[in-house]
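> Mind having a look at this structure? Questions to follow.
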Amino acid sequence: EEKQKQKQAALPSTYMHTPLTKQNANLTAFLSQKETKSNIMANRKYAILLTTGALNPLHLGHVDIMEAAKTELERTHSDISVIGGFVSPSHDDYLCGKFGRHKYIPALYRVKMIEMALADSSWLTVDEWECKQSYFVDFPYVSESMVERMQSLYCKQHQLLTEQQLQIYYVCGLDHAQKCALTGGRLFNHGGVRTLIVRRPDASTNTAKFKLKSNAKVIYIQAPVEYDRSSTIVRQLLRNKKWKELNTYLHPSVTQYLKEDPDNIMSFLK
């Protein structure tokens with residue numbers, strides 16, 4: 001037990017551009033529970049959720065989708081505890097190709113706004129590994145890297161968990177999952193990453209979509225009503241400086257930051 005405490009105390013606050021303070025605290029709290037000595041807790045799985053995207057900028061829909069994913073995963077799987085969640089903004093090279101040169105918010109400031117929006121969360125954190133690379137890395141490789149880094153840290157270096165206990169979930173919308181052929185468990189087959197697919201709350205959606213069944217590789221959940229926000233609309237409101245309307249889409253601290261604009265971010269959105 002004393003060795004276990006020493007291992008937990010030695011955990012780094014950051015590992016390869018990934019902040020771990022919140023996740024370490026949550027994992028330590030779970031492992032410190034008396035129930036960890038029982039067979040039930042010995043079979044418990046510890047999940048880390050990951051989502052990627054331009055996040056240009058992050059809006060509340062991005063946060064909602066992660067909160068819904070955590071809630072539903074723990075509700076439907078009593079043997080799983082979510083210890084952390086990461087929001088990974090895409091590399092500047094990707095945004096340059098998507099929006100055009102100097103027409104997107106640089107990663108430095110996207111990260112800054114994500115940190116503001118997630119400051120009060122006990123489990124969500126921005127992950128800078130992807131945007132800190134020297135070139136664009138697509139999401140399957142970002143997901144695989146997350147598995148490798150987390151297994152290296154928690155399973156090999158500190159031996160707090162087994163590889164079977166640690167699970168990584170890539171969280172995305174149904175449209176993205178279908179477009180990138182993720183519904184068949186592609187990420188798990190090639191990198192050991194499970195996929196958590198969130199379906200939009202659309203009453204008119206074809207019922208065939210809702211016949212998709214969850215399995216060990218892919219889990220489907222229903223998005224919260226508030227999820228259906230558009231990044232395009234957010235950028236349009238920003239260009240027109242509709243600050244009051246933006247309160248529906250952005251965290252208050254992010255709205256205030258953009259309104260004051262000390263880093264001249266608004267110039268990238270013209």
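Convention: chains lettered A, B, ... in structure tokens order; per-chain residue numbering from 1; ligands numbered from 1 as shown.
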Would you list the contacts of Tyr46 of chain A as a PyMOL selection string, taking every protein, DNA or RNA residue within 9 Å and counting only C-alpha atoms, but skipping same-chain residues closer than 3 positions in sequence?
chain A and resi 27+79-84+161+165-168
> Using DSSP secondary structure from the backbone, list all helix (DSSP H, G or I) positions within segment 39-147 of chain A, as number ranges by chain.
A: 39-42, 60-76, 92-99, 107-118, 139-147
> Taking only C-alpha atoms into account, which of A:Asn240, A:His62, A:Val254, A:Tyr220 comes nearest Thr76 of chain A?
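Checking each candidate against Thr76 of chain A, we get A:Tyr220 as the closest.
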> Compare A:Asn56, A:Gln178, A:Thr51, A:Ser134 by their minimum atom-to-atom distance to Gln236 of chain A, counting only C-alpha atoms, and give me the closest one.
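Nearest candidate to Gln236 of chain A out of A:Asn56, A:Gln178, A:Thr51, A:Ser134: A:Asn56.
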> Tell me which of A:Cys155, A:Ile105, A:Leu269, A:Val63 sits closest to Asp120 of chain A, counting only C-alpha atoms.
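The closest residue to Asp120 of chain A is A:Val63.
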> Closest to Arg229 of chain A among A:Lys179, A:Lys244, A:Lys22, A:His59, using only C-alpha atoms?
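Selected residue with least distance to Arg229 of chain A: A:His59.
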> Quick one: residues within 9 Å of Ile114 of chain A, only C-alpha atoms, excluding same-chain residues fewer than 5 positions away - as a PyMOL selection string?
chain A and resi 55+57-59+87+89+109+119+125-126+254
> Since we have the selection now, will you write its residues out, keeping all heavy atoms, as a JSON list (two decimals), in the first residue's frame?

[["chain", "number", "residue", "atom", "x", "y", "z"],
["A", 55, "LEU", "N", -11.71, 23.23, -33.58],
["A", 55, "LEU", "CA", -11.98, 24.00, -32.37],
["A", 55, "LEU", "C", -11.61, 25.47, -32.58],
["A", 55, "LEU", "O", -10.86, 26.07, -31.81],
["A", 55, "LEU", "CB", -11.21, 23.41, -31.18],
["A", 55, "LEU", "CG", -11.44, 21.90, -30.97],
["A", 55, "LEU", "CD1", -10.52, 21.35, -29.91],
["A", 55, "LEU", "CD2", -12.89, 21.60, -30.65],
["A", 57, "PRO", "N", -13.43, 28.70, -32.80],
["A", 57, "PRO", "CA", -12.90, 28.29, -31.50],
["A", 57, "PRO", "C", -13.73, 27.16, -30.88],
["A", 57, "PRO", "O", -14.75, 26.74, -31.45],
["A", 57, "PRO", "CB", -13.07, 29.57, -30.68],
["A", 57, "PRO", "CG", -14.38, 30.12, -31.18],
["A", 57, "PRO", "CD", -14.40, 29.81, -32.66],
["A", 58, "LEU", "N", -13.30, 26.70, -29.71],
["A", 58, "LEU", "CA", -14.10, 25.75, -28.93],
["A", 58, "LEU", "C", -15.41, 26.41, -28.54],
["A", 58, "LEU", "O", -15.43, 27.56, -28.10],
["A", 58, "LEU", "CB", -13.34, 25.36, -27.66],
["A", 58, "LEU", "CG", -14.12, 24.46, -26.68],
["A", 58, "LEU", "CD1", -13.87, 22.99, -27.03],
["A", 58, "LEU", "CD2", -13.69, 24.73, -25.25],
["A", 59, "HIS", "N", -16.54, 25.69, -28.70],
["A", 59, "HIS", "CA", -17.82, 26.23, -28.20],
["A", 59, "HIS", "C", -18.44, 25.23, -27.23],
["A", 59, "HIS", "O", -17.92, 24.11, -27.04],
["A", 59, "HIS", "CB", -18.77, 26.59, -29.35],
["A", 59, "HIS", "CG", -19.10, 25.46, -30.28],
["A", 59, "HIS", "ND1", -19.83, 24.35, -29.90],
["A", 59, "HIS", "CD2", -18.81, 25.28, -31.60],
["A", 59, "HIS", "CE1", -19.98, 23.54, -30.92],
["A", 59, "HIS", "NE2", -19.36, 24.07, -31.97],
["A", 87, "VAL", "N", -9.41, 17.40, -24.82],
["A", 87, "VAL", "CA", -9.86, 18.11, -26.00],
["A", 87, "VAL", "C", -8.60, 18.52, -26.76],
["A", 87, "VAL", "O", -7.79, 19.30, -26.26],
["A", 87, "VAL", "CB", -10.69, 19.35, -25.61],
["A", 87, "VAL", "CG1", -11.11, 20.12, -26.85],
["A", 87, "VAL", "CG2", -11.92, 18.93, -24.80],
["A", 89, "PRO", "N", -6.94, 20.24, -29.95],
["A", 89, "PRO", "CA", -7.09, 21.09, -31.14],
["A", 89, "PRO", "C", -6.15, 20.66, -32.25],
["A", 89, "PRO", "O", -4.99, 20.31, -32.00],
["A", 89, "PRO", "CB", -6.74, 22.48, -30.61],
["A", 89, "PRO", "CG", -5.85, 22.24, -29.44],
["A", 89, "PRO", "CD", -6.30, 20.94, -28.83],
["A", 109, "TYR", "N", -3.63, 30.31, -29.44],
["A", 109, "TYR", "CA", -4.80, 30.99, -28.87],
["A", 109, "TYR", "C", -6.00, 30.06, -28.75],
["A", 109, "TYR", "O", -6.83, 30.23, -27.85],
["A", 109, "TYR", "CB", -5.14, 32.22, -29.72],
["A", 109, "TYR", "CG", -3.97, 33.16, -29.86],
["A", 109, "TYR", "CD1", -3.40, 33.43, -31.10],
["A", 109, "TYR", "CD2", -3.40, 33.75, -28.73],
["A", 109, "TYR", "CE1", -2.29, 34.27, -31.22],
["A", 109, "TYR", "CE2", -2.30, 34.60, -28.83],
["A", 109, "TYR", "CZ", -1.75, 34.84, -30.08],
["A", 109, "TYR", "OH", -0.66, 35.66, -30.18],
["A", 119, "ALA", "N", -11.50, 25.37, -17.34],
["A", 119, "ALA", "CA", -10.84, 25.65, -16.06],
["A", 119, "ALA", "C", -11.61, 25.10, -14.87],
["A", 119, "ALA", "O", -11.01, 24.63, -13.89],
["A", 119, "ALA", "CB", -10.63, 27.15, -15.90],
["A", 125, "THR", "N", -9.55, 18.48, -19.90],
["A", 125, "THR", "CA", -8.31, 19.26, -20.06],
["A", 125, "THR", "C", -7.99, 19.38, -21.54],
["A", 125, "THR", "O", -8.36, 18.52, -22.34],
["A", 125, "THR", "CB", -7.13, 18.55, -19.36],
["A", 125, "THR", "OG1", -7.50, 18.20, -18.02],
["A", 125, "THR", "CG2", -5.91, 19.43, -19.31],
["A", 126, "VAL", "N", -7.30, 20.44, -21.91],
["A", 126, "VAL", "CA", -6.81, 20.57, -23.28],
["A", 126, "VAL", "C", -5.56, 19.70, -23.42],
["A", 126, "VAL", "O", -4.75, 19.60, -22.50],
["A", 126, "VAL", "CB", -6.48, 22.04, -23.64],
["A", 126, "VAL", "CG1", -5.36, 22.58, -22.77],
["A", 126, "VAL", "CG2", -6.12, 22.17, -25.11],
["A", 254, "VAL", "N", -14.42, 33.02, -22.28],
["A", 254, "VAL", "CA", -13.95, 33.05, -23.67],
["A", 254, "VAL", "C", -14.58, 34.23, -24.40],
["A", 254, "VAL", "O", -13.91, 34.94, -25.16],
["A", 254, "VAL", "CB", -14.28, 31.73, -24.39],
["A", 254, "VAL", "CG1", -13.92, 31.81, -25.88],
["A", 254, "VAL", "CG2", -13.53, 30.57, -23.74]]
> Using Å and a single decimal, report how far atom CA of Glu148 of chain A sits from atom CA of Leu196 of chain A.
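Straight-line distance from atom CA of Leu196 of chain A to atom CA of Glu148 of chain A works out to 19.0 Å.
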> Would you list the contacts of segment 188-193 of chain A as a ChimeraX atom specification, taking every protein, DNA or RNA residue within 7 Å and counting only C-alpha atoms, but skipping same-chain residues closer than 2 positions in sequence?
/A:143-144,168-170,185-186,195,217
> Determine the nearest neighbour of Trp129 of chain A from the options A:Asn26, A:Thr14, A:Leu182, A:Pro252, counting only C-alpha atoms.
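With only C-alpha atoms as the atom set, the closest residue is A:Thr14.
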> Please list as number ranges by chain every residue within 12 Å of Leu20 of chain A, counting only C-alpha atoms and excluding residues in the same chain fewer than 5 positions away.
A: 11-15, 25-28, 48, 83-86, 122-128, 149-150, 153-154
> Can you tell me, as a VMD selection string, what residues are no more than 10 Å from Tyr94 of chain A when counting only C-alpha atoms, ignoring any on the same chain fewer than 2 positions away?
chain A and resid 53 to 54 90 to 92 96 to 100 131 135 to 138
> Those residues you just picked out, can you put them in a file as a compact mmCIF listing (two decimals), in the first residue's frame with all heavy atoms?

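out_33.txt, freshly written:
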# COMPACT_ATOMS: atom_id res chain seq x y z
N GLY A 53 -10.40 18.09 -33.24
CA GLY A 53 -11.12 18.97 -34.16
C GLY A 53 -10.43 20.32 -34.29
O GLY A 53 -9.51 20.64 -33.54
N ALA A 54 -10.91 21.10 -35.23
CA ALA A 54 -10.34 22.43 -35.44
C ALA A 54 -10.50 23.30 -34.20
O ALA A 54 -9.60 24.05 -33.82
CB ALA A 54 -11.00 23.10 -36.65
N SER A 90 -6.63 20.70 -33.48
CA SER A 90 -5.84 20.28 -34.63
C SER A 90 -4.66 21.20 -34.89
O SER A 90 -4.64 22.36 -34.47
CB SER A 90 -6.73 20.24 -35.88
OG SER A 90 -7.76 19.30 -35.74
N HIS A 91 -3.70 20.66 -35.60
CA HIS A 91 -2.48 21.39 -35.97
C HIS A 91 -2.82 22.56 -36.90
O HIS A 91 -3.78 22.51 -37.67
CB HIS A 91 -1.53 20.43 -36.69
CG HIS A 91 -0.14 20.92 -36.83
ND1 HIS A 91 0.25 21.79 -37.83
CD2 HIS A 91 0.98 20.67 -36.09
CE1 HIS A 91 1.55 22.04 -37.70
NE2 HIS A 91 2.02 21.38 -36.66
N ASP A 92 -2.04 23.62 -36.82
CA ASP A 92 -2.26 24.80 -37.66
C ASP A 92 -2.24 24.45 -39.15
O ASP A 92 -2.96 25.07 -39.95
CB ASP A 92 -1.21 25.87 -37.38
CG ASP A 92 -1.50 26.67 -36.11
OD1 ASP A 92 -2.64 26.59 -35.62
OD2 ASP A 92 -0.59 27.37 -35.63
N CYS A 96 -4.98 25.67 -41.86
CA CYS A 96 -4.55 26.48 -43.00
C CYS A 96 -5.15 25.92 -44.28
O CYS A 96 -5.63 26.66 -45.14
CB CYS A 96 -3.03 26.50 -43.08
SG CYS A 96 -2.38 27.56 -44.38
N GLY A 97 -5.15 24.59 -44.41
CA GLY A 97 -5.73 23.95 -45.59
C GLY A 97 -7.24 24.06 -45.63
O GLY A 97 -7.83 24.15 -46.71
N LYS A 98 -7.87 24.07 -44.47
CA LYS A 98 -9.33 24.10 -44.40
C LYS A 98 -9.90 25.51 -44.57
O LYS A 98 -10.90 25.71 -45.28
CB LYS A 98 -9.79 23.53 -43.05
CG LYS A 98 -11.30 23.46 -42.89
CD LYS A 98 -11.68 22.76 -41.58
CE LYS A 98 -13.20 22.65 -41.45
NZ LYS A 98 -13.59 21.94 -40.21
N PHE A 99 -9.26 26.50 -43.93
CA PHE A 99 -9.80 27.86 -43.92
C PHE A 99 -9.02 28.85 -44.79
O PHE A 99 -9.54 29.88 -45.16
CB PHE A 99 -9.86 28.39 -42.48
CG PHE A 99 -10.73 27.59 -41.56
CD1 PHE A 99 -10.17 26.74 -40.62
CD2 PHE A 99 -12.11 27.67 -41.64
CE1 PHE A 99 -10.97 26.01 -39.76
CE2 PHE A 99 -12.92 26.93 -40.79
CZ PHE A 99 -12.35 26.09 -39.84
N GLY A 100 -7.77 28.53 -45.08
CA GLY A 100 -6.93 29.47 -45.82
C GLY A 100 -5.92 30.14 -44.91
O GLY A 100 -6.12 30.24 -43.69
N CYS A 131 -1.24 19.57 -31.55
CA CYS A 131 -0.89 20.86 -32.17
C CYS A 131 0.56 21.24 -31.95
O CYS A 131 1.05 22.19 -32.57
CB CYS A 131 -1.83 21.96 -31.69
SG CYS A 131 -1.77 22.31 -29.92
N TYR A 135 4.16 18.77 -37.73
CA TYR A 135 3.30 18.67 -38.92
C TYR A 135 1.94 18.13 -38.49
O TYR A 135 1.77 17.67 -37.36
CB TYR A 135 3.94 17.75 -39.97
CG TYR A 135 4.32 16.38 -39.42
CD1 TYR A 135 3.40 15.33 -39.37
CD2 TYR A 135 5.61 16.16 -38.91
CE1 TYR A 135 3.75 14.11 -38.85
CE2 TYR A 135 5.96 14.93 -38.39
CZ TYR A 135 5.02 13.90 -38.36
OH TYR A 135 5.37 12.68 -37.82
N PHE A 136 0.98 18.17 -39.41
CA PHE A 136 -0.37 17.70 -39.11
C PHE A 136 -0.40 16.19 -38.92
O PHE A 136 0.11 15.43 -39.74
CB PHE A 136 -1.32 18.10 -40.25
CG PHE A 136 -2.66 17.40 -40.20
CD1 PHE A 136 -3.49 17.55 -39.10
CD2 PHE A 136 -3.07 16.59 -41.24
CE1 PHE A 136 -4.73 16.91 -39.04
CE2 PHE A 136 -4.31 15.95 -41.20
CZ PHE A 136 -5.13 16.11 -40.11
N VAL A 137 -1.00 15.76 -37.81
CA VAL A 137 -1.18 14.34 -37.51
C VAL A 137 -2.68 14.07 -37.47
O VAL A 137 -3.41 14.71 -36.72
CB VAL A 137 -0.54 13.97 -36.15
CG1 VAL A 137 -0.75 12.49 -35.86
CG2 VAL A 137 0.94 14.33 -36.14
N ASP A 138 -3.15 13.12 -38.28
CA ASP A 138 -4.59 12.85 -38.37
C ASP A 138 -5.08 12.14 -37.10
O ASP A 138 -4.30 11.51 -36.37
CB ASP A 138 -4.89 12.01 -39.60
CG ASP A 138 -6.31 12.21 -40.10
OD1 ASP A 138 -7.04 13.03 -39.50
OD2 ASP A 138 -6.69 11.57 -41.09
> Restricting the calculation to only C-alpha atoms, which member of A:Ile265, A:Arg110, A:Ala69, A:Ser88 is positioned closest to Arg199 of chain A?
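Closest to Arg199 of chain A, using only C-alpha atoms: A:Ala69.
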> For atom CA of Ser230 of chain A and atom CA of Leu73 of chain A, determine how far apart the two atoms are, in Å to one decimal place.
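Atom-to-atom, atom CA of Ser230 of chain A to atom CA of Leu73 of chain A, that is 24.6 Å.
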> Which neighbours of Leu174 of chain A fall inside 6 Å, counting only C-alpha atoms, when residues of the same chain fewer than 3 positions from it are skipped, and could you give them as a PyMOL selection string?
chain A and resi 177+197-199
> Could you tell me, as JSON, numbers by chain, which residues of segment 120-180 of chain A DSSP assigns to strand (DSSP E or B) when given the backbone?
{"A": [124, 125, 126, 166, 167, 168, 169, 170, 171, 172, 173]}
> Store the residues picked out above, limited to N, CA and C atoms, as a CSV table (one decimal), in the first residue's frame.

chain,number,residue,atom,x,y,z
A,124,LEU,N,-12.0,17.4,-17.5
A,124,LEU,CA,-11.6,17.8,-18.9
A,124,LEU,C,-10.4,18.7,-18.9
A,125,THR,N,-9.5,18.5,-19.9
A,125,THR,CA,-8.3,19.3,-20.1
A,125,THR,C,-8.0,19.4,-21.5
A,126,VAL,N,-7.3,20.4,-21.9
A,126,VAL,CA,-6.8,20.6,-23.3
A,126,VAL,C,-5.6,19.7,-23.4
A,166,LEU,N,-7.0,0.0,-18.5
A,166,LEU,CA,-7.0,1.3,-19.1
A,166,LEU,C,-7.6,1.3,-20.4
A,167,GLN,N,-8.7,2.1,-20.6
A,167,GLN,CA,-9.4,2.1,-21.9
A,167,GLN,C,-9.4,3.6,-22.4
A,168,ILE,N,-9.1,3.7,-23.7
A,168,ILE,CA,-9.1,5.0,-24.4
A,168,ILE,C,-10.3,5.0,-25.4
A,169,TYR,N,-11.1,6.1,-25.3
A,169,TYR,CA,-12.3,6.2,-26.2
A,169,TYR,C,-12.1,7.5,-27.0
A,170,TYR,N,-12.3,7.4,-28.3
A,170,TYR,CA,-12.3,8.5,-29.2
A,170,TYR,C,-13.8,9.0,-29.3
A,171,VAL,N,-14.1,10.2,-29.0
A,171,VAL,CA,-15.4,10.7,-29.0
A,171,VAL,C,-15.7,11.6,-30.2
A,172,CYS,N,-16.7,11.3,-31.0
A,172,CYS,CA,-17.0,12.0,-32.2
A,172,CYS,C,-18.5,12.0,-32.5
A,173,GLY,N,-19.0,12.8,-33.4
A,173,GLY,CA,-20.3,12.7,-33.9
A,173,GLY,C,-20.6,11.6,-34.9
